[in-house]
>>> print(open('run-v7.cif').read())   # mmCIF, C-alpha atoms
data_data
loop_
_atom_site.label_atom_id
_atom_site.label_comp_id
_atom_site.auth_asym_id
_atom_site.auth_seq_id
_atom_site.Cartn_x
_atom_site.Cartn_y
_atom_site.Cartn_z
CA MET A 6 109.19 93.54 90.48
CA SER A 7 106.76 92.01 88.05
CA ALA A 8 103.51 93.81 87.30
CA VAL A 9 101.68 90.49 87.12
CA PRO A 10 99.41 90.27 90.18
CA ALA A 11 99.59 86.83 91.75
CA PRO A 12 96.30 85.54 93.12
CA PRO A 13 95.99 85.47 96.90
CA ALA A 14 94.91 82.52 98.98
CA PRO A 15 91.25 81.69 98.35
CA SER A 16 89.11 84.67 99.33
CA VAL A 17 86.19 82.61 100.58
CA PRO A 18 86.60 82.60 104.36
CA PRO A 19 85.91 79.42 106.31
CA THR A 20 82.61 79.29 108.18
CA PRO A 21 81.65 77.07 111.13
CA PHE A 22 79.79 73.84 110.45
CA SER A 23 78.04 71.33 112.68
CA ALA A 24 79.41 67.82 112.98
CA SER A 25 76.22 66.28 111.58
CA PRO A 26 75.05 66.78 108.00
CA ALA A 27 72.44 69.44 107.31
CA PRO A 28 69.02 68.15 106.20
CA GLY A 29 68.90 67.82 102.43
CA SER A 30 72.67 68.21 102.04
CA ALA A 31 74.82 65.92 99.93
CA ALA A 32 76.11 64.21 103.06
CA ALA A 33 72.65 63.65 104.53
CA ARG A 34 71.26 62.22 101.30
CA SER A 35 74.14 59.79 100.94
CA GLY A 36 73.88 58.65 104.57
CA GLU A 37 77.47 59.60 105.31
CA THR A 38 78.56 61.78 108.18
CA ARG A 39 79.62 65.26 107.23
CA SER A 40 83.10 64.75 108.61
CA SER A 41 83.68 61.68 106.44
CA VAL A 42 82.48 63.50 103.33
CA VAL A 43 84.67 66.50 104.10
CA SER A 44 87.67 64.20 104.67
CA SER A 45 87.13 62.48 101.33
CA VAL A 46 86.80 65.79 99.49
CA ALA A 47 89.89 67.19 101.26
CA ALA A 48 91.91 64.15 100.20
CA ALA A 49 90.92 64.67 96.56
CA LEU A 50 91.77 68.37 96.73
CA ARG A 51 95.07 67.72 98.47
CA ALA A 52 96.05 65.21 95.78
CA ALA A 53 95.30 67.90 93.18
CA GLY A 54 97.67 70.30 94.92
CA CYS A 55 95.22 72.53 96.80
CA VAL A 56 97.14 74.09 99.68
CA PHE A 57 94.04 74.83 101.78
CA ALA A 58 92.38 71.47 101.12
CA GLU A 59 90.56 71.10 104.43
CA GLU A 60 89.13 74.62 104.44
CA GLU A 61 88.10 74.34 100.81
CA ALA A 62 86.48 70.96 101.39
CA GLU A 63 84.28 72.40 104.15
CA LEU A 64 83.09 75.15 101.84
CA ILE A 65 82.48 72.91 98.85
CA VAL A 66 80.52 70.39 100.91
CA GLY A 67 78.50 73.21 102.44
CA ALA A 68 77.61 74.63 99.01
CA ALA A 69 76.66 71.30 97.38
CA GLY A 70 72.97 70.43 97.49
CA THR A 71 73.19 66.84 96.23
CA PRO A 72 75.80 64.09 95.92
CA ALA A 73 75.90 64.69 92.17
CA GLY A 74 76.38 68.41 92.75
CA LEU A 75 79.18 67.71 95.19
CA ALA A 76 80.94 65.38 92.75
CA ALA A 77 80.70 68.00 90.00
CA ALA A 78 82.00 70.73 92.30
CA VAL A 79 84.99 68.63 93.34
CA ASP A 80 85.75 67.83 89.70
CA ARG A 81 85.66 71.54 88.85
CA ARG A 82 88.04 72.45 91.67
CA VAL A 83 90.41 69.56 90.92
CA ALA A 84 90.50 70.78 87.31
CA GLY A 85 91.74 74.15 88.54
CA GLU A 86 88.61 76.29 88.61
CA PRO A 87 88.87 78.96 91.31
CA LEU A 88 87.21 77.98 94.57
CA GLU A 89 85.07 81.11 94.56
CA LEU A 90 83.52 80.20 91.22
CA VAL A 91 82.89 76.63 92.41
CA VAL A 92 80.99 77.70 95.55
CA GLY A 93 79.44 80.79 93.94
CA TRP A 94 80.72 83.53 96.21
CA ALA A 95 83.85 85.30 97.41
CA GLY A 96 84.58 86.85 100.78
CA PHE A 97 85.35 90.55 100.40
CA ASP A 98 85.52 93.17 103.16
CA GLY A 99 83.25 91.09 105.37
CA LEU A 100 80.64 90.52 102.65
CA ARG A 101 79.65 87.52 100.59
CA ILE A 102 79.99 88.68 96.99
CA ALA A 103 78.21 86.54 94.38
CA VAL A 104 80.53 85.43 91.59
CA GLU A 105 80.02 83.16 88.62
CA PRO A 106 82.06 81.62 85.79
CA GLY A 107 83.45 84.19 83.38
CA VAL A 108 83.64 86.97 85.98
CA PHE A 109 86.74 88.38 87.68
CA VAL A 110 87.06 87.18 91.28
CA PRO A 111 87.65 90.07 93.72
CA ARG A 112 91.03 89.93 95.46
CA ARG A 113 91.56 90.50 99.15
CA ARG A 114 94.26 93.05 98.33
CA THR A 115 91.55 95.27 96.82
CA GLU A 116 90.04 95.70 100.28
CA PHE A 117 92.89 98.20 100.73
CA LEU A 118 91.35 100.35 97.99
CA VAL A 119 88.05 100.34 99.91
CA GLU A 120 89.86 101.34 103.10
CA GLN A 121 91.64 104.20 101.36
CA ALA A 122 88.39 105.47 99.84
CA LEU A 123 86.76 105.53 103.27
CA ALA A 124 89.74 107.34 104.78
CA GLN A 125 89.77 109.93 101.99
CA ALA A 126 86.00 110.51 101.79
CA PRO A 127 84.29 109.29 104.99
CA ASP A 128 81.20 111.38 104.26
CA ALA A 129 80.80 110.41 100.60
CA THR A 130 77.22 110.31 99.32
CA VAL A 131 77.78 109.50 95.62
CA VAL A 132 79.94 106.49 94.74
CA VAL A 133 80.85 105.07 91.33
CA ASP A 134 82.47 101.65 90.86
CA LEU A 135 84.00 101.73 87.37
CA CYS A 136 85.31 98.52 85.75
CA CYS A 137 83.18 96.99 88.49
CA GLY A 138 83.44 93.27 87.69
CA SER A 139 81.29 91.60 90.33
CA GLY A 140 80.56 94.96 91.96
CA ALA A 141 82.52 94.04 95.07
CA VAL A 142 84.13 97.44 95.62
CA GLY A 143 80.90 99.36 95.20
CA ALA A 144 78.97 96.94 97.41
CA ALA A 145 81.62 97.19 100.13
CA LEU A 146 81.65 100.98 100.04
CA ALA A 147 77.86 101.14 100.18
CA ALA A 148 77.82 98.73 103.13
CA ARG A 149 80.41 100.78 105.01
CA LEU A 150 79.09 104.26 104.20
CA GLY A 151 75.36 103.52 104.35
CA GLY A 152 72.71 105.41 102.40
CA VAL A 153 74.92 106.32 99.43
CA GLU A 154 73.88 106.82 95.83
CA LEU A 155 75.73 103.92 94.19
CA HIS A 156 76.45 103.41 90.51
CA ALA A 157 78.57 100.70 88.87
CA ALA A 158 79.58 99.97 85.28
CA ASP A 159 81.49 97.42 83.25
CA ILE A 160 82.00 96.70 79.56
CA ASP A 161 81.53 92.93 80.01
CA PRO A 162 77.88 91.75 79.93
CA ALA A 163 78.68 88.79 82.23
CA ALA A 164 80.17 91.13 84.81
CA VAL A 165 77.14 93.43 84.59
CA ARG A 166 74.75 90.53 85.22
CA CYS A 167 76.78 89.41 88.22
CA ALA A 168 77.24 92.94 89.60
CA ARG A 169 73.49 93.47 89.60
CA ARG A 170 73.18 90.63 92.12
CA ASN A 171 75.55 92.42 94.48
CA VAL A 172 74.83 96.09 93.84
CA GLU A 173 71.07 96.29 93.37
CA ASP A 174 70.47 94.73 96.81
CA ARG A 175 72.13 97.85 98.20
CA GLY A 176 69.99 100.22 96.16
CA GLY A 177 72.59 100.73 93.43
CA ARG A 178 72.37 100.80 89.64
CA VAL A 179 74.60 98.88 87.22
CA TYR A 180 75.27 99.90 83.62
CA GLU A 181 76.90 98.19 80.65
CA GLY A 182 79.36 100.14 78.53
CA ASP A 183 82.88 101.45 78.03
CA LEU A 184 84.03 103.36 81.12
CA TYR A 185 82.31 106.74 81.49
CA ALA A 186 80.17 106.24 78.39
CA ALA A 187 78.09 103.80 80.44
CA LEU A 188 77.23 106.34 83.15
CA PRO A 189 74.24 108.68 83.21
CA GLY A 190 75.23 112.23 82.34
CA GLY A 191 73.62 113.53 85.51
CA LEU A 192 76.57 112.20 87.50
CA ARG A 193 79.03 114.69 85.98
CA GLY A 194 80.57 116.84 88.68
CA ARG A 195 78.78 114.97 91.50
CA VAL A 196 80.92 111.90 92.28
CA ASP A 197 82.56 111.85 95.71
CA VAL A 198 84.32 108.49 95.29
CA LEU A 199 85.25 107.11 91.90
CA ALA A 200 86.78 103.65 92.40
CA ALA A 201 88.18 101.95 89.31
CA ASN A 202 89.80 98.54 89.70
CA VAL A 203 91.06 98.65 86.12
CA PRO A 204 92.92 95.81 84.37
CA TYR A 205 96.65 96.42 84.80
CA VAL A 206 98.52 93.34 83.58
CA PRO A 207 100.72 94.17 80.55
CA THR A 208 99.54 92.27 77.48
CA ALA A 209 102.80 90.32 77.17
CA GLU A 210 102.51 89.14 80.78
CA VAL A 211 98.94 87.83 80.71
CA GLY A 212 100.29 84.42 79.71
CA LEU A 213 102.40 84.37 82.88
CA LEU A 214 99.42 84.63 85.18
CA PRO A 215 98.49 81.63 87.33
CA ALA A 216 96.13 79.26 85.53
CA GLU A 217 93.23 80.12 87.86
CA ALA A 218 93.24 83.67 86.49
CA ARG A 219 94.51 83.01 82.97
CA ASP A 220 92.06 80.22 82.17
CA HIS A 221 88.98 81.24 84.13
CA GLU A 222 88.77 85.03 84.21
CA PRO A 223 87.89 87.32 81.28
CA LEU A 224 90.79 88.81 79.35
CA VAL A 225 89.13 92.23 79.40
CA ALA A 226 89.45 92.24 83.20
CA LEU A 227 93.17 91.40 83.12
CA ASP A 228 94.83 92.93 80.03
CA GLY A 229 95.83 96.54 80.60
CA GLY A 230 97.58 97.08 77.27
CA ALA A 231 101.25 97.24 76.34
CA ASP A 232 102.46 98.59 79.69
CA GLY A 233 99.36 97.69 81.71
CA LEU A 234 98.26 101.30 82.11
CA ALA A 235 96.14 101.95 79.01
CA VAL A 236 92.80 101.81 80.83
CA LEU A 237 94.15 103.63 83.89
CA ARG A 238 95.22 106.57 81.70
CA ARG A 239 91.78 106.78 80.12
CA VAL A 240 90.09 106.73 83.51
CA ALA A 241 92.40 109.41 84.92
CA ALA A 242 92.13 111.69 81.87
CA GLU A 243 88.34 112.05 82.16
CA ALA A 244 87.93 111.83 85.93
CA GLY A 245 87.86 115.59 86.44
CA ARG A 246 84.60 115.88 84.50
CA TRP A 247 82.86 113.49 86.86
CA LEU A 248 84.32 114.17 90.27
CA ALA A 249 82.69 116.61 92.64
CA PRO A 250 84.95 119.36 94.01
CA GLY A 251 87.27 117.53 96.40
CA GLY A 252 86.07 114.15 95.10
CA CYS A 253 88.59 111.36 94.74
CA LEU A 254 89.62 108.79 92.16
CA LEU A 255 91.21 105.55 93.42
CA VAL A 256 92.86 102.95 91.20
CA GLU A 257 94.80 99.82 92.12
CA THR A 258 98.12 99.21 90.38
CA SER A 259 101.41 97.38 90.97
CA GLU A 260 104.64 98.55 92.57
CA HIS A 261 106.35 98.40 89.18
CA GLN A 262 103.76 100.69 87.58
CA ALA A 263 103.07 103.02 90.49
CA ALA A 264 105.29 105.94 89.42
CA SER A 265 103.80 106.01 85.92
CA ALA A 266 100.29 105.76 87.34
CA VAL A 267 100.92 108.68 89.72
CA ALA A 268 102.22 110.73 86.77
CA ALA A 269 99.07 109.98 84.77
CA PHE A 270 96.90 111.23 87.64
CA GLY A 271 99.02 114.38 87.90
CA ARG A 272 98.63 115.13 84.19
CA ALA A 273 94.87 114.91 84.69
CA GLY A 274 95.03 117.78 87.20
CA LEU A 275 94.48 115.69 90.32
CA THR A 276 96.37 116.12 93.58
CA THR A 277 97.90 112.68 93.82
CA ARG A 278 99.44 110.34 96.36
CA LEU A 279 100.33 106.66 96.48
CA ALA A 280 99.14 104.43 99.34
CA VAL A 281 100.92 101.13 99.94
CA CYS A 282 100.08 98.12 102.09
CA GLY A 283 103.12 95.85 102.20
CA GLU A 284 101.28 93.05 103.97
CA ARG A 285 98.82 92.69 101.10
CA ASP A 286 101.20 93.83 98.34
CA ALA A 287 98.60 96.48 97.51
CA HIS A 288 99.30 99.79 95.77
CA VAL A 289 96.52 102.33 95.34
CA VAL A 290 96.86 105.65 93.52
CA ILE A 291 94.59 108.35 94.96
CA GLY A 292 93.79 111.54 93.08
CA VAL A 293 91.73 114.39 94.51
CA ALA A 294 89.91 116.93 92.36
CA PRO A 295 90.41 120.64 93.10
CA ARG A 296 87.95 122.12 95.56
CA ALA A 297 85.74 125.02 94.57
CA ASP A 298 87.16 128.43 95.43
#
>>> encode(input="run-v7.cif", output="structure tokens")
Amino acid sequence: MSAVPAPPAPSVPPTPFSASPAPGSAAARSGETRSSVVSSVAAALRAAGCVFAEEEAELIVGAAGTPAGLAAAVDRRVAGEPLELVVGWAGFDGLRIAVEPGVFVPRRRTEFLVEQALAQAPDATVVVDLCCGSGAVGAALAARLGGVELHAADIDPAAVRCARRNVEDRGGRVYEGDLYAALPGGLRGRVDVLAANVPYVPTAEVGLLPAEARDHEPLVALDGGADGLAVLRRVAAEAGRWLAPGGCLLVETSEHQAASAVAAFGRAGLTTRLAVCGERDAHVVIGVAPRAD
């Protein structure tokens, strides 16, 4: 099975709309009914090959503030820009996560990582979202756990700017830097949940990704090195210094890479298991640090 993760259906969930245009919206300003505007946009999206044209049209019309803004948004989507970047947010674990051009769009399959973290550490008080991208995983964990000390980090400045929009609203801190080097030293030995949605596409397979990912998401968030596991190995190797006794590290990978990923966790001294969700084609490696004697 290929290690190249295919993008899911658009992760912006449909929301209900009234039949009449909202005041100040593109439809209201143009004098058209909302339904006619949505129909026109859906036709353009359908012609461009969008499978969920009607649902996407509702969202794009709802996000556009002016007729000019709507026209630009439709042009961007027809040109292949991910829907989430066009409307400015992605649905993730029941939250609206702000996203923007140049930032990795969180996948619905990664909600499985959040679920596994909650099952493993339901009483976690210190959470770190490493390779955080938009900060979706950290934000979701903070929303579910409530009252946690949340930290997130990414090497990409664009991701850090975006993550601050999602993480700081939940009392978290976001840092820029290379993996653990970005984190404050005071976190060593205190982290209950260390979630790292690392890049795991092998370098030679990046060019095989769907255009929405290949052309619109940062290479640093996709390219995991020769076998796709270069960043995962680095994260696993140092995790023991940061995890609290009994704390857990969770990393998403592919079916093809799972055995090697589990082995990397084992070499790092973590008690390791693989969790799989066939429905979402999600594979999460979970490593638990030794508990204090």
>>> resolve_selection(input="run-v7.cif", expression="the PyMOL selection byres ((chain A and resi 128-132) around 12)", output="JSON, numbers by chain")
{"A": [119, 122, 123, 124, 125, 126, 127, 133, 134, 135, 137, 140, 142, 143, 144, 145, 146, 147, 148, 149, 150, 151, 152, 153, 154, 155, 156, 157, 158, 172, 176, 177, 178, 179, 188, 191, 192, 193, 194, 195, 196, 197, 198, 199, 200, 201, 247, 248, 249, 250, 251, 252, 253, 254, 255]}
>>> closest_atom_pairs(input="run-v7.cif", of="stretch 145-193 of chain A", to="stretch 93-109 of chain A", cutoff="8 Å", atoms="only C-alpha atoms", output="tab-separated table")
residue	atom	partner	partner_atom	distance
A:Ala145	CA	A:Asp98	CA	6.4
A:Ala163	CA	A:Val108	CA	6.5
A:Ala164	CA	A:Val108	CA	5.5
A:Cys167	CA	A:Val104	CA	6.4
A:Arg170	CA	A:Ala103	CA	6.9
A:Asn171	CA	A:Ile102	CA	6.3
>>> atom_distance(input="run-v7.cif", atom1="atom CA of A:Arg169", atom2="atom CA of A:Ala68")
21.5 Å
>>> residues_around(input="run-v7.cif", residues="A:Ala84", least_positions_apart="6", cutoff="12 Å", atoms="only C-alpha atoms", output="JSON, numbers by chain")
{"A": [49, 50, 52, 53, 54, 55, 77, 78, 91, 216, 217, 220, 221]}
>>> atom_distance(input="run-v7.cif", atom1="atom CA of A:Gly271", atom2="atom CA of A:Glu257")
15.7 Å
>>> atom_distance(input="run-v7.cif", atom1="atom CA of A:Asp228", atom2="atom CA of A:Leu214")
10.8 Å
>>> closest_residue(input="run-v7.cif", among="A:Asp174, A:Glu222, A:Glu210, A:Glu60", to="A:Leu90", atoms="all atoms listed in the file")
A:Glu222
>>> closest_residue(input="run-v7.cif", among="A:Ala186, A:Ile160, A:Val256, A:Leu279", to="A:Leu224", atoms="only C-alpha atoms")
A:Ile160
>>> residues_around(input="run-v7.cif", residues="A:Phe270", least_positions_apart="5", cutoff="9 Å", atoms="all atoms listed in the file", output="JSON list (two decimals) with C-alpha atoms, in the coordinates of the input")
[["chain", "number", "residue", "atom", "x", "y", "z"],
["A", 237, "LEU", "CA", 94.15, 103.63, 83.89],
["A", 238, "ARG", "CA", 95.22, 106.57, 81.70],
["A", 241, "ALA", "CA", 92.40, 109.41, 84.92],
["A", 242, "ALA", "CA", 92.13, 111.69, 81.87],
["A", 254, "LEU", "CA", 89.62, 108.79, 92.16],
["A", 265, "SER", "CA", 103.80, 106.01, 85.92],
["A", 275, "LEU", "CA", 94.48, 115.69, 90.32],
["A", 276, "THR", "CA", 96.37, 116.12, 93.58],
["A", 277, "THR", "CA", 97.90, 112.68, 93.82],
["A", 290, "VAL", "CA", 96.86, 105.65, 93.52],
["A", 291, "ILE", "CA", 94.59, 108.35, 94.96],
["A", 292, "GLY", "CA", 93.79, 111.54, 93.08]]
>>> closest_residue(input="run-v7.cif", among="A:Gly233, A:Pro87, A:Pro223, A:Gly245", to="A:Ala266", atoms="all atoms listed in the file")
A:Gly233
>>> closest_residue(input="run-v7.cif", among="A:Val211, A:Cys136, A:Ala47, A:Ala231", to="A:Asp183", atoms="only C-alpha atoms")
A:Cys136
>>> resolve_selection(input="run-v7.cif", expression="the PyMOL selection byres ((chain A and resi 207) around 9)", output="PDB file with C-alpha atoms, in the frame of the given file")
ATOM      1  CA  ALA A   8     103.510  93.810  87.300  1.00  0.00           C
ATOM      2  CA  VAL A   9     101.680  90.490  87.120  1.00  0.00           C
ATOM      3  CA  PRO A 204      92.920  95.810  84.370  1.00  0.00           C
ATOM      4  CA  TYR A 205      96.650  96.420  84.800  1.00  0.00           C
ATOM      5  CA  VAL A 206      98.520  93.340  83.580  1.00  0.00           C
ATOM      6  CA  THR A 208      99.540  92.270  77.480  1.00  0.00           C
ATOM      7  CA  ALA A 209     102.800  90.320  77.170  1.00  0.00           C
ATOM      8  CA  GLU A 210     102.510  89.140  80.780  1.00  0.00           C
ATOM      9  CA  VAL A 211      98.940  87.830  80.710  1.00  0.00           C
ATOM     10  CA  LEU A 227      93.170  91.400  83.120  1.00  0.00           C
ATOM     11  CA  ASP A 228      94.830  92.930  80.030  1.00  0.00           C
ATOM     12  CA  GLY A 229      95.830  96.540  80.600  1.00  0.00           C
ATOM     13  CA  GLY A 230      97.580  97.080  77.270  1.00  0.00           C
ATOM     14  CA  ALA A 231     101.250  97.240  76.340  1.00  0.00           C
ATOM     15  CA  ASP A 232     102.460  98.590  79.690  1.00  0.00           C
ATOM     16  CA  GLY A 233      99.360  97.690  81.710  1.00  0.00           C
ATOM     17  CA  LEU A 234      98.260 101.300  82.110  1.00  0.00           C
TER      18      LEU A 234
END
>>> resolve_selection(input="run-v7.cif", expression="the PyMOL selection byres ((chain A and resi 114) around 12)", output="PyMOL selection string")
chain A and resi 10-16+96-98+110-113+115-121+142+202+257-259+281-289
>>> residues_near_point(input="run-v7.cif", point="(76.2, 99.5, 80.4)", cutoff="7 Å", atoms="all atoms listed in the file", output="PyMOL selection string")
chain A and resi 158-160+180-182+187
>>> closest_residue(input="run-v7.cif", among="A:Val46, A:Ala264, A:Gly67, A:Leu213", to="A:Asp80", atoms="only C-alpha atoms")
A:Val46
>>> decode(input="run-v7.cif", residues="stretch 145-160 of chain A", atoms="N, CA, C and O atoms", output="compact mmCIF listing (two decimals), in the first residue's frame")
# COMPACT_ATOMS: atom_id res chain seq x y z
N ALA A 145 -7.81 20.93 19.54
CA ALA A 145 -8.83 19.92 19.79
C ALA A 145 -8.63 19.25 21.15
O ALA A 145 -9.59 19.02 21.89
N LEU A 146 -7.38 18.94 21.49
CA LEU A 146 -7.12 18.32 22.78
C LEU A 146 -7.45 19.27 23.93
O LEU A 146 -8.03 18.86 24.94
N ALA A 147 -7.10 20.54 23.77
CA ALA A 147 -7.41 21.51 24.81
C ALA A 147 -8.92 21.65 24.99
O ALA A 147 -9.43 21.75 26.11
N ALA A 148 -9.65 21.66 23.86
CA ALA A 148 -11.10 21.79 23.94
C ALA A 148 -11.73 20.59 24.63
O ALA A 148 -12.70 20.73 25.40
N ARG A 149 -11.19 19.41 24.37
CA ARG A 149 -11.76 18.19 24.96
C ARG A 149 -11.38 18.01 26.43
O ARG A 149 -12.19 17.58 27.25
N LEU A 150 -10.12 18.31 26.75
CA LEU A 150 -9.63 18.08 28.10
C LEU A 150 -10.02 19.19 29.05
O LEU A 150 -10.34 18.95 30.21
N GLY A 151 -9.96 20.44 28.57
CA GLY A 151 -10.30 21.59 29.40
C GLY A 151 -9.22 21.91 30.42
O GLY A 151 -8.73 21.02 31.12
N GLY A 152 -8.82 23.16 30.49
CA GLY A 152 -7.89 23.61 31.52
C GLY A 152 -6.48 23.06 31.44
O GLY A 152 -5.77 23.02 32.45
N VAL A 153 -6.04 22.63 30.25
CA VAL A 153 -4.70 22.08 30.14
C VAL A 153 -3.67 23.18 29.90
O VAL A 153 -3.99 24.28 29.44
N GLU A 154 -2.43 22.87 30.19
CA GLU A 154 -1.30 23.70 29.80
C GLU A 154 -0.91 23.25 28.39
O GLU A 154 -0.45 22.13 28.21
N LEU A 155 -1.12 24.12 27.41
CA LEU A 155 -0.95 23.74 26.01
C LEU A 155 0.21 24.49 25.39
O LEU A 155 0.32 25.72 25.50
N HIS A 156 1.07 23.73 24.71
CA HIS A 156 2.19 24.29 23.97
C HIS A 156 2.20 23.69 22.57
O HIS A 156 1.87 22.52 22.39
N ALA A 157 2.58 24.49 21.58
CA ALA A 157 2.64 24.01 20.20
C ALA A 157 3.87 24.61 19.53
O ALA A 157 4.31 25.71 19.89
N ALA A 158 4.41 23.89 18.54
CA ALA A 158 5.62 24.37 17.87
C ALA A 158 5.66 23.88 16.45
O ALA A 158 5.18 22.79 16.12
N ASP A 159 6.27 24.69 15.59
CA ASP A 159 6.48 24.32 14.19
C ASP A 159 7.69 25.08 13.67
O ASP A 159 7.99 26.18 14.14
N ILE A 160 8.35 24.51 12.67
CA ILE A 160 9.52 25.14 12.09
C ILE A 160 9.16 26.18 11.05
O ILE A 160 9.96 27.05 10.70
